[in-house]
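A.B. asks: Structure provided below as structure tokens; questions to follow.
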Amino acid sequence: MTKFATLTVIGRDKTGVIARFTNFLFEQRANIEGLEEQVTRGQFSMTLQASWKLGQLNQAAVAAGLAKLTTELSMEIKLRFTESDRRQRMAIMVTREPHCLKAVIAALEPRVLKKAEAALGLSNRGELAPLANLHWQ
């Protein structure tokens with residue numbers, strides 16, 4: 001079984017930040033599944049998904065290494081482990097047009113979205129409330 005983690009990093013932009021994290025994760029035998037980063041007005045943010053094969057993850061070493069990077073880089077770092085077979089909860093945000101909501105509901109019914117569970121519906125209008133209530137009540 002593969003173990004997955006999501007790492008988020010926020011702080012002032014510095015040269016080499018991505019390299020520091022990717023090198024550290026390489027040393028921890030992680031596989032980087034995805035990485036998104038951006039810099040806005042000098043503020044750096046990154047979300048990184050990593051995975052480890054069975055027996056390759058040392059959670060204590062990862063936590064200790066990230067704590068060290070937190071101090072060295074003066075950045076906020078959060079790490080969250082997830083199970084590969086756990087269904088992800090999602091919010092559905094809709095507006096007046098019904099076709100998008102109907103498509104999501106249709107995908108949820110036969111479990112086309114196998115790893116997603118609609119946990120919340122949000123709208124700025126009430127027109128689709130009857131359709132949502134039919135599905136989620």
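Chain labels run A, B, ... following the order of the structure tokens; each chain numbers its residues from 1, and ligands are numbered from 1 in the order shown.
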Taking the chain letters and numbering used in this document, name the residues of region 96-132 of chain A that DSSP puts in strand (DSSP E), as a list of chain:residue names.
C.D. replies: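 Secondary structure check on region 96-132 of chain A, strand (DSSP E): A:Ala116, A:Glu117, A:Ala118, A:Ala119, A:Leu120, A:Gly121, A:Leu122, A:Ser123.
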A.B. asks: Hey, what does DSSP flag as alpha helix (DSSP H) within chain A? Can you give it to me as a VMD selection string?
C.D. replies: chain A and resid 17 to 27 59 to 73 98 to 108 129 to 136
A.B. asks: Might you pull out every residue within 8 Å of region 26-36 of chain A, with only C-alpha atoms counted and same-chain residues fewer than 6 positions away left off, and present them as a list in words?
C.D. replies: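 Residues near the query, excluding close chain neighbours: Met46, Thr47, Leu48, Gln49, Ala50, Ser51, Trp52, Gln56, Leu57, Asn58, Ala61 and Val62 of chain A.
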A.B. asks: Residues as selected, C-alpha atoms, written as a compact mmCIF listing (two decimals), in the first residue's frame, can you do that?
C.D. replies:
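Output saved as again_23.txt:
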```txt
# COMPACT_ATOMS: atom_id res chain seq x y z
CA MET A 46 3.54 25.74 -2.59
CA THR A 47 1.41 22.64 -2.43
CA LEU A 48 3.25 19.37 -2.99
CA GLN A 49 1.85 15.84 -3.09
CA ALA A 50 4.27 13.04 -2.28
CA SER A 51 4.02 9.28 -1.90
CA TRP A 52 6.05 6.49 -0.37
CA GLN A 56 9.92 3.38 2.78
CA LEU A 57 8.30 6.07 4.93
CA ASN A 58 9.89 7.14 8.18
CA ALA A 61 12.42 11.57 10.08
CA VAL A 62 10.11 13.45 7.70
```
A.B. asks: My list of candidates is A:Arg89, A:His135, A:Leu7, A:Leu122. Which is closest to Glu109 (chain A) when distances are computed with only C-alpha atoms?
C.D. replies: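 Counting only C-alpha atoms, the residue closest to Glu109 (chain A) is A:His135.
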A.B. asks: Skipping near chain neighbours, those fewer than 6 positions away, what residues fall within 8 Å of region 123-131 of chain A using only C-alpha atoms, listed as a PyMOL selection string?
C.D. replies: chain A and resi 93-96+98
A.B. asks: Would you mind exporting N, CA and C atoms of the selected residues as a CSV table (one decimal), in the first residue's frame?
C.D. replies:
```csv
chain,number,residue,atom,x,y,z
A,93,MET,N,-19.9,23.8,-5.7
A,93,MET,CA,-20.3,25.2,-5.7
A,93,MET,C,-21.1,25.5,-7.0
A,94,VAL,N,-22.3,25.9,-6.9
A,94,VAL,CA,-23.2,26.1,-8.1
A,94,VAL,C,-23.8,27.5,-8.1
A,95,THR,N,-24.2,27.8,-9.3
A,95,THR,CA,-24.9,29.1,-9.5
A,95,THR,C,-26.3,28.8,-10.1
A,96,ARG,N,-26.8,29.6,-11.0
A,96,ARG,CA,-28.1,29.5,-11.5
A,96,ARG,C,-28.3,28.4,-12.5
A,98,PRO,N,-28.4,24.9,-14.2
A,98,PRO,CA,-28.5,23.6,-13.6
A,98,PRO,C,-27.6,22.5,-14.2
```
A.B. asks: If we count only C-alpha atoms and set the cut-off at 7 Å, which residues sit around Gln88 (chain A), ignoring sequence neighbours fewer than 2 positions away in its own chain? Please answer as a list of chain:residue names.
C.D. replies: A:Arg86, A:Met90, A:Lys115, A:Ala116, A:Glu117
A.B. asks: What's around region 69-85 of chain A at 7 Å? Count only C-alpha atoms, leave out sequence neighbours fewer than 6 positions away in its own chain, and write the answer as a PyMOL selection string.
C.D. replies: chain A and resi 2-11
A.B. asks: May I ask for the distance between CA of Asn23 (chain A) and CA of Gly55 (chain A), given in Å to one decimal place?
C.D. replies: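 Between CA of Asn23 (chain A) and CA of Gly55 (chain A) the gap is 19.8 Å.
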